[in-house]
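Undergrad: This is the content of upload.cif (mmCIF, C-alpha atoms):
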data_work
loop_
_atom_site.label_atom_id
_atom_site.label_comp_id
_atom_site.auth_asym_id
_atom_site.auth_seq_id
_atom_site.Cartn_x
_atom_site.Cartn_y
_atom_site.Cartn_z
CA MET A 1 -110.52 151.68 -146.02
CA SER A 2 -108.48 154.91 -146.26
CA LYS A 3 -107.79 157.24 -143.42
CA THR A 4 -109.73 160.01 -145.19
CA THR A 5 -112.84 157.89 -145.28
CA ILE A 6 -112.59 157.02 -141.58
CA ILE A 7 -112.21 160.64 -140.61
CA ILE A 8 -115.27 161.64 -142.65
CA LEU A 9 -117.40 158.91 -140.98
CA LEU A 10 -116.35 159.94 -137.50
CA ALA A 11 -117.15 163.55 -138.23
CA GLY A 12 -120.61 162.58 -139.42
CA VAL A 13 -121.32 160.51 -136.27
CA LEU A 14 -120.30 163.34 -134.02
CA LEU A 15 -122.43 165.82 -135.90
CA PHE A 16 -125.49 163.50 -135.67
CA ALA A 17 -125.01 162.98 -131.99
CA THR A 18 -124.78 166.74 -131.38
CA PHE A 19 -128.04 167.48 -133.09
CA THR A 20 -129.78 164.55 -131.45
CA CYS A 21 -128.79 165.46 -127.89
CA ALA A 22 -129.72 169.08 -128.49
CA GLY A 23 -133.14 168.06 -129.74
CA ILE A 24 -133.86 165.74 -126.87
CA GLY A 25 -132.75 168.29 -124.35
CA ALA A 26 -134.94 170.98 -125.83
CA TYR A 27 -137.92 168.58 -125.81
CA ILE A 28 -137.45 167.66 -122.14
CA TYR A 29 -137.04 171.25 -121.18
CA THR A 30 -140.14 172.40 -123.01
CA THR A 31 -142.53 169.49 -122.17
CA MET A 32 -141.58 168.12 -118.63
CA PRO A 33 -143.01 169.97 -115.62
CA ASN A 34 -140.90 171.11 -112.73
CA PRO A 35 -139.88 167.97 -110.68
CA ASP A 36 -141.26 167.46 -107.08
CA PRO A 37 -138.28 167.48 -104.72
CA SER A 38 -139.77 164.99 -102.30
CA LEU A 39 -140.66 162.62 -105.11
CA ALA A 40 -137.18 162.84 -106.44
CA GLU A 41 -135.74 162.04 -103.07
CA THR A 42 -138.04 159.01 -102.74
CA GLN A 43 -137.13 157.69 -106.15
CA LEU A 44 -133.43 158.24 -105.41
CA ALA A 45 -133.75 156.29 -102.14
CA GLN A 46 -135.46 153.41 -103.95
CA ILE A 47 -132.72 153.29 -106.58
CA ILE A 48 -130.01 153.25 -103.89
CA TYR A 49 -131.82 150.47 -101.92
CA ALA A 50 -132.20 148.36 -105.08
CA ALA A 51 -128.54 148.79 -105.88
CA GLN A 52 -127.47 147.75 -102.37
CA THR A 53 -129.73 144.72 -102.44
CA GLN A 54 -128.38 143.52 -105.73
CA THR A 55 -124.86 144.00 -104.37
CA ALA A 56 -125.64 142.03 -101.24
CA LEU A 57 -127.13 139.20 -103.28
CA VAL A 58 -124.11 139.10 -105.47
CA GLN A 59 -121.65 139.21 -102.58
CA ALA A 60 -123.54 136.92 -100.09
CA PRO A 61 -121.11 134.35 -98.71
CA THR A 62 -121.69 130.67 -99.10
CA LEU A 63 -122.76 129.07 -95.79
CA ALA A 64 -121.31 125.74 -94.72
CA PRO A 65 -123.78 122.85 -94.35
CA PRO A 66 -125.06 122.46 -90.78
CA THR A 67 -123.36 119.95 -88.53
CA ALA A 68 -125.56 116.97 -87.77
CA LEU A 69 -126.72 116.64 -84.18
CA PRO A 70 -125.76 113.54 -82.20
CA SER A 71 -128.25 110.75 -82.60
CA SER A 72 -130.57 109.95 -79.70
CA THR A 73 -133.40 107.56 -79.04
CA PRO A 74 -136.58 109.34 -79.94
CA THR A 75 -139.19 109.59 -77.19
CA SER A 76 -142.56 108.23 -78.17
CA PRO A 77 -145.28 110.79 -77.58
CA PHE A 78 -148.04 109.89 -75.03
CA VAL A 79 -151.03 108.39 -76.74
CA PRO A 80 -154.14 108.06 -74.53
CA PRO A 81 -155.75 104.61 -74.54
CA ALA A 82 -158.67 104.20 -76.81
CA LEU A 83 -162.09 104.11 -75.16
CA THR A 84 -163.72 100.78 -75.89
CA VAL A 85 -167.46 100.78 -75.92
CA THR A 86 -169.28 97.47 -75.97
CA PRO A 87 -171.87 97.45 -78.73
CA GLY A 88 -175.34 97.61 -77.34
CA ALA A 89 -174.19 98.69 -73.87
CA THR A 90 -176.43 101.21 -72.13
CA LEU A 91 -175.19 103.58 -69.45
CA SER A 92 -177.72 103.79 -66.62
CA PRO A 93 -177.76 106.75 -64.22
CA LEU A 94 -176.60 105.98 -60.67
CA PRO A 95 -179.37 105.86 -58.02
CA PRO A 96 -179.50 108.82 -55.64
CA ILE A 97 -177.64 108.43 -52.35
CA ILE A 98 -179.98 108.64 -49.35
CA PHE A 99 -178.39 109.22 -45.94
CA THR A 100 -180.40 107.60 -43.16
CA PRO A 101 -179.43 108.36 -39.55
CA THR A 102 -178.41 105.25 -37.61
CA LEU A 103 -179.95 104.94 -34.15
CA SER A 104 -177.55 103.39 -31.66
CA VAL A 105 -179.27 100.73 -29.53
CA PRO A 106 -177.53 100.18 -26.15
CA GLN A 107 -176.18 96.70 -25.58
CA ILE A 108 -175.62 94.58 -22.49
CA SER A 109 -173.39 91.66 -21.46
CA VAL A 110 -172.78 89.88 -18.16
CA SER A 111 -169.79 88.57 -16.23
CA VAL A 112 -171.90 85.84 -14.55
CA ASP A 113 -174.67 83.79 -16.17
CA THR A 114 -177.89 85.64 -15.24
CA ASN A 115 -181.54 84.64 -15.40
CA CYS A 116 -184.03 86.78 -17.31
CA ARG A 117 -187.58 87.04 -15.94
CA VAL A 118 -190.98 88.50 -16.78
CA GLY A 119 -190.45 91.17 -14.12
CA PRO A 120 -187.72 92.84 -12.05
CA SER A 121 -187.58 90.40 -9.15
CA LYS A 122 -186.99 86.76 -8.34
CA VAL A 123 -190.70 86.37 -7.61
CA TYR A 124 -191.35 86.58 -11.37
CA ASP A 125 -191.11 83.51 -13.56
CA ARG A 126 -187.84 82.87 -15.37
CA VAL A 127 -188.27 82.90 -19.16
CA GLY A 128 -184.66 83.02 -20.34
CA TYR A 129 -181.08 83.86 -19.44
CA LEU A 130 -178.01 85.78 -20.63
CA LEU A 131 -174.79 83.80 -20.60
CA VAL A 132 -171.23 85.03 -20.32
CA GLY A 133 -170.04 86.00 -23.81
CA GLN A 134 -173.52 86.78 -25.14
CA VAL A 135 -174.65 90.32 -26.04
CA SER A 136 -178.24 91.53 -26.15
CA GLU A 137 -180.02 94.84 -26.86
CA ILE A 138 -181.52 97.05 -24.16
CA TYR A 139 -184.95 98.61 -24.66
CA GLY A 140 -185.80 99.96 -21.22
CA ARG A 141 -185.25 99.82 -17.47
CA ASN A 142 -187.22 99.78 -14.23
CA PRO A 143 -187.70 102.90 -12.05
CA ALA A 144 -185.04 101.74 -9.58
CA GLY A 145 -182.48 101.35 -12.39
CA ASP A 146 -181.30 97.90 -11.24
CA TYR A 147 -183.10 95.85 -13.90
CA TRP A 148 -182.83 96.16 -17.69
CA ILE A 149 -185.46 95.21 -20.24
CA ILE A 150 -183.56 93.31 -22.93
CA ARG A 151 -184.25 91.19 -25.98
CA ASN A 152 -184.69 87.59 -24.85
CA LEU A 153 -182.08 85.63 -26.80
CA ASN A 154 -183.94 82.40 -25.99
CA GLN A 155 -187.15 83.76 -27.58
CA HIS A 156 -186.11 86.19 -30.32
CA THR A 157 -189.53 87.85 -30.50
CA ALA A 158 -189.90 88.47 -26.75
CA TYR A 159 -188.36 90.62 -24.05
CA CYS A 160 -187.40 89.95 -20.45
CA TRP A 161 -186.05 91.71 -17.34
CA LEU A 162 -182.38 91.17 -16.48
CA TRP A 163 -180.82 91.95 -13.11
CA GLY A 164 -177.99 94.47 -13.51
CA GLU A 165 -175.69 93.22 -10.73
CA TYR A 166 -173.29 91.47 -13.12
CA ALA A 167 -174.15 93.50 -16.22
CA THR A 168 -171.96 95.74 -18.39
CA VAL A 169 -173.84 98.30 -20.48
CA SER A 170 -172.54 100.10 -23.58
CA GLY A 171 -174.16 102.85 -25.63
CA ASN A 172 -176.41 105.78 -24.83
CA ILE A 173 -178.88 104.81 -22.08
CA ALA A 174 -180.05 108.35 -21.29
CA ALA A 175 -183.00 108.11 -23.68
CA LEU A 176 -184.16 104.65 -22.55
CA PRO A 177 -187.80 104.58 -21.44
CA VAL A 178 -188.70 103.66 -17.85
CA PHE A 179 -191.30 100.90 -17.58
CA THR A 180 -193.55 100.14 -14.64
CA PRO A 181 -193.06 96.53 -13.53
CA PRO A 182 -195.95 94.15 -14.19
CA PRO A 183 -198.13 93.07 -11.26
CA THR A 184 -196.33 90.78 -8.86
CA PRO A 185 -197.43 87.19 -9.42
CA THR A 186 -198.68 85.06 -6.61
CA PRO A 187 -195.43 83.78 -5.10
CA ALA A 188 -194.84 80.07 -5.39
CA PRO A 189 -193.56 78.52 -2.15
CA ASN A 190 -190.59 76.20 -2.28
CA PHE A 191 -187.63 75.08 -0.20
CA GLU A 192 -184.75 72.61 -0.20
CA PRO A 193 -183.63 70.46 2.83
CA PHE A 194 -179.99 69.30 3.47
CA TYR A 195 -178.40 67.13 6.14
CA ALA A 196 -176.17 69.38 8.34
CA GLY A 197 -174.74 66.91 10.97
CA LYS A 198 -175.68 65.39 14.34
CA ASP A 199 -175.38 66.65 17.92
CA TYR A 200 -175.61 65.36 21.50
CA CYS A 201 -176.79 66.49 24.96
CA THR A 202 -178.05 63.54 27.05
CA ASN A 203 -179.78 62.52 23.79
CA TRP A 204 -178.89 62.51 20.11
CA TRP A 205 -180.47 64.47 17.27
CA VAL A 206 -179.70 65.45 13.71
CA ASP A 207 -179.57 68.96 12.22
CA ILE A 208 -181.38 69.78 8.97
CA LYS A 209 -180.64 72.93 6.93
CA LEU A 210 -183.73 74.46 5.29
CA GLN A 211 -183.25 76.90 2.38
CA ASN A 212 -186.26 78.92 1.18
CA THR A 213 -186.01 78.99 -2.65
CA GLY A 214 -189.54 80.30 -3.28
CA GLY A 215 -191.37 83.58 -2.93
CA MET A 216 -193.31 82.84 0.25
CA SER A 217 -192.33 82.88 3.92
CA PHE A 218 -192.84 79.80 6.12
CA ARG A 219 -194.00 80.07 9.74
CA SER A 220 -194.47 76.46 10.84
CA PHE A 221 -193.22 72.98 9.97
CA THR A 222 -193.57 69.27 10.62
CA MET A 223 -190.59 66.87 10.66
CA THR A 224 -190.84 63.07 10.78
CA LEU A 225 -187.64 60.97 11.07
CA ILE A 226 -187.53 57.25 10.46
CA ASP A 227 -184.49 55.13 11.29
CA THR A 228 -184.66 52.48 8.57
CA GLU A 229 -182.31 50.17 10.52
CA ASN A 230 -184.80 49.51 13.33
CA ASP A 231 -187.94 51.15 11.97
CA PHE A 232 -187.94 53.75 14.74
CA SER A 233 -189.63 57.10 14.01
CA GLN A 234 -190.23 60.44 15.71
CA THR A 235 -192.29 63.50 14.68
CA LEU A 236 -191.85 67.18 15.60
CA TYR A 237 -194.45 69.98 15.17
CA ALA A 238 -193.27 73.52 15.58
CA ASP A 239 -194.42 77.12 14.95
CA SER A 240 -190.83 78.36 15.00
CA PHE A 241 -187.42 77.24 13.76
CA THR A 242 -185.01 76.24 16.55
CA ASP A 243 -181.34 75.24 16.31
CA ASN A 244 -179.96 73.48 19.39
CA ASN A 245 -176.20 73.79 19.84
CA GLY A 246 -175.30 70.89 22.14
CA CYS A 247 -176.06 71.55 25.80
CA THR A 248 -174.86 75.15 25.77
CA SER A 249 -177.22 77.27 23.66
CA SER A 250 -180.02 77.39 21.15
CA SER A 251 -181.53 79.99 18.79
CA THR A 252 -185.04 80.38 17.45
CA LYS A 253 -186.56 82.21 14.46
CA ASP A 254 -190.27 82.78 13.92
CA SER A 255 -190.19 82.47 10.13
CA LEU A 256 -188.15 81.32 7.21
CA ASN A 257 -188.23 84.09 4.62
CA PRO A 258 -187.48 83.87 0.86
CA ASP A 259 -183.78 83.60 -0.05
CA SER A 260 -182.86 82.78 3.55
CA ASN A 261 -181.82 79.56 5.25
CA ARG A 262 -182.08 78.14 8.75
CA ILE A 263 -180.80 75.07 10.65
CA VAL A 264 -183.42 73.21 12.70
CA SER A 265 -182.86 70.32 15.12
CA SER A 266 -184.78 67.05 14.85
CA PRO A 267 -186.58 65.27 17.70
CA PRO A 268 -184.07 63.57 20.05
CA TYR A 269 -182.95 59.90 19.98
CA ASN A 270 -181.84 57.96 23.01
CA TYR A 271 -179.08 56.31 21.00
CA ASP A 272 -176.41 57.34 18.49
CA PRO A 273 -177.84 57.01 14.95
CA LYS A 274 -174.38 56.86 13.39
CA GLY A 275 -174.32 54.61 10.31
CA HIS A 276 -178.11 54.29 10.16
CA LEU A 277 -179.99 55.24 7.04
CA MET A 278 -182.42 58.01 7.97
CA HIS A 279 -185.57 58.78 6.01
CA VAL A 280 -186.84 62.31 6.76
CA THR A 281 -190.11 63.95 5.66
CA ILE A 282 -190.38 67.72 6.18
CA THR A 283 -193.45 69.89 5.55
CA LEU A 284 -193.24 73.70 5.71
CA CYS A 285 -196.39 75.87 5.86
CA SER A 286 -197.04 79.57 5.33
CA ASN A 287 -199.09 79.97 8.51
CA THR A 288 -198.65 78.81 12.07
CA GLY A 289 -200.30 75.57 13.21
CA GLN A 290 -199.13 73.82 10.01
CA SER A 291 -201.78 75.65 7.99
CA GLY A 292 -201.97 77.85 4.93
CA THR A 293 -199.92 76.93 1.87
CA CYS A 294 -197.67 73.94 2.63
CA VAL A 295 -194.82 72.29 0.75
CA LYS A 296 -193.42 68.81 1.52
CA LYS A 297 -189.94 67.42 0.76
CA VAL A 298 -188.26 64.08 1.51
CA ILE A 299 -184.53 63.38 1.96
CA GLU A 300 -182.43 60.39 3.03
CA PHE A 301 -178.96 60.37 4.57
CA THR A 302 -176.65 58.37 6.82
CA PRO A 303 -175.13 60.21 9.83
#
Translate the structure of the given file into structure tokens.
TA:
Amino acid sequence: MSKTTIIILLAGVLLFATFTCAGIGAYIYTTMPNPDPSLAETQLAQIIYAAQTQTALVQAPTLAPPTALPSSTPTSPFVPPALTVTPGATLSPLPPIIFTPTLSVPQISVSVDTNCRVGPSKVYDRVGYLLVGQVSEIYGRNPAGDYWIIRNLNQHTAYCWLWGEYATVSGNIAALPVFTPPPTPTPAPNFEPFYAGKDYCTNWWVDIKLQNTGGMSFRSFTMTLIDTENDFSQTLYADSFTDNNGCTSSSTKDSLNPDSNRIVSSPPYNYDPKGHLMHVTITLCSNTGQSGTCVKKVIEFTP
């Protein structure tokens, strides 16, 4: 292509562009309204922000891969145990709790084996006993406070009266009832004789110890001694109890009361009965003149 041709083409392009731009500008000027300043500022800010964002995306540095953490043994999370329910099992509600007050019953023990009777005295019949090491329950006492009404361990459905001399009591006894003793039974007379030795003053005699083990007093007695070696016997009647002490003194008591003892002298012998078997019969009576209620005992001994 010649230079003249090229110059003509360029001149045509420039002329076209001049008319085009002038037309477009006139159109915009005549048809577009006056622009809103605030809207223009907003659009300008959005264009700037978009440009910066695209720049940042283009220029973002490449990050290195993260360094792996040191390995460690993983901790197993806590898993609650499974609740096992037996098929067919039925949960029943618990019964209500009832609080019942406990009454403390006083108890008793003894340091010496002690008889238990139907009343608070030795004149009452013995129906049981409380031995050392045993413990019984107390349910009452007598007005004097020296006897306790306890459960009879020898008869588990009965009660008896225990003397408190050797007793140890535990528990609250302030609320124990006081019982009136039953009527005193008719005392049963009884005694036990023992050989107590022999004595001398111009004649010989033997001494007999009498122990009243019953509930009745004695006021007279009869004593018959038989020497079984020569069949010799003597009898003494007396309304008192006399103890001869050799040739020097003697003492006399009018009665032999319950729980008491007394030495009495036998009728005299005109020989020494040493080594002879003696058979002695003794009768004690509640009244003088060997009358009333009488009890007889027999003993044998060799002086």
Undergrad: From the set A:Pro185, A:Pro273, A:Pro268, A:Gly292, which residue has the shortest atom-to-atom contact distance to A:Phe221, counting all atoms listed in the file?
TA: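 Closest candidate: A:Gly292.
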Undergrad: Would you kindly identify which residues have an atom no farther than 12 Å from (-183.6, 57.5, 24.0), using only C-alpha atoms and the file's own coordinates, and write them out as a list of chain:residue names?
TA: A:Tyr200, A:Cys201, A:Thr202, A:Asn203, A:Trp204, A:Trp205, A:Phe232, A:Ser233, A:Gln234, A:Pro267, A:Pro268, A:Tyr269, A:Asn270, A:Tyr271, A:Asp272, A:Pro273
Undergrad: Taking (-195.0, 79.0, -5.9) as a centre in this file's frame and 7 Å as the limit, can you find every polymer residue with an atom that close, using all atoms listed in the file, and give them as a list in words?
TA: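 Checking each residue against the 7 Å limit leaves Pro187, Ala188, Pro189, Asn190, Gly214 and Gly215 of chain A.
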Undergrad: Can you tell me, as a ChimeraX atom specification, what residues are no more than 9 Å from stretch 109-121 of chain A when counting all atoms listed in the file, ignoring any on the same chain fewer than 6 positions away?
TA: /A:127-136,142,146-150,152,159-170,181-184
Undergrad: Between atom CA of A:Met278 and atom CA of A:Phe218, what is the spacing in Å?
TA: 24.2 Å
Undergrad: Might you pull out every residue within 10 Å of A:Glu192, with only C-alpha atoms counted and same-chain residues fewer than 2 positions away left off, and present them as number ranges by chain?
TA: A: 190, 194, 209-214, 261, 282, 296-299
Undergrad: Give me, please, the distance in Å between atom CA of A:Leu256 and atom CA of A:Leu236, quoted to one decimal.
TA: 16.9 Å
Undergrad: Atom CA of A:Thr288 and atom CA of A:Lys253, how far apart in Å?
TA: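 Atom-to-atom, atom CA of A:Lys253 and atom CA of A:Thr288 are spaced 12.8 Å apart.
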Undergrad: Pick out the residues sitting within 9 Å of A:Asn244, and hand them over as a PyMOL selection string; count all atoms listed in the file, and ignore anything fewer than 4 positions along from it in its own chain.
TA: chain A and resi 199+207+248-252+263-265
Undergrad: What residues come out when you apply the PyMOL selection byres ((chain A and resi 294) around 8) to this file, written as a list in words?
TA: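 Output from the PyMOL selection byres ((chain A and resi 294) around 8), applied to this file: Pro189, Thr283, Leu284, Cys285, Ser286, Gln290, Ser291, Gly292, Thr293, Val295 and Lys296 of chain A.
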Undergrad: Determine the nearest neighbour of A:Asp227 from the options A:Asn287, A:Asn154, A:Thr281, A:Asn172, counting all atoms listed in the file.
TA: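 Among the listed residues, the smallest separation from A:Asp227 belongs to A:Thr281.
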Undergrad: Measuring atom to atom with all atoms listed in the file, identify which of A:Ala158, A:Met216, A:Leu225, A:Val280 is nearest to A:Phe191.
TA: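 The closest residue to A:Phe191 is A:Met216.
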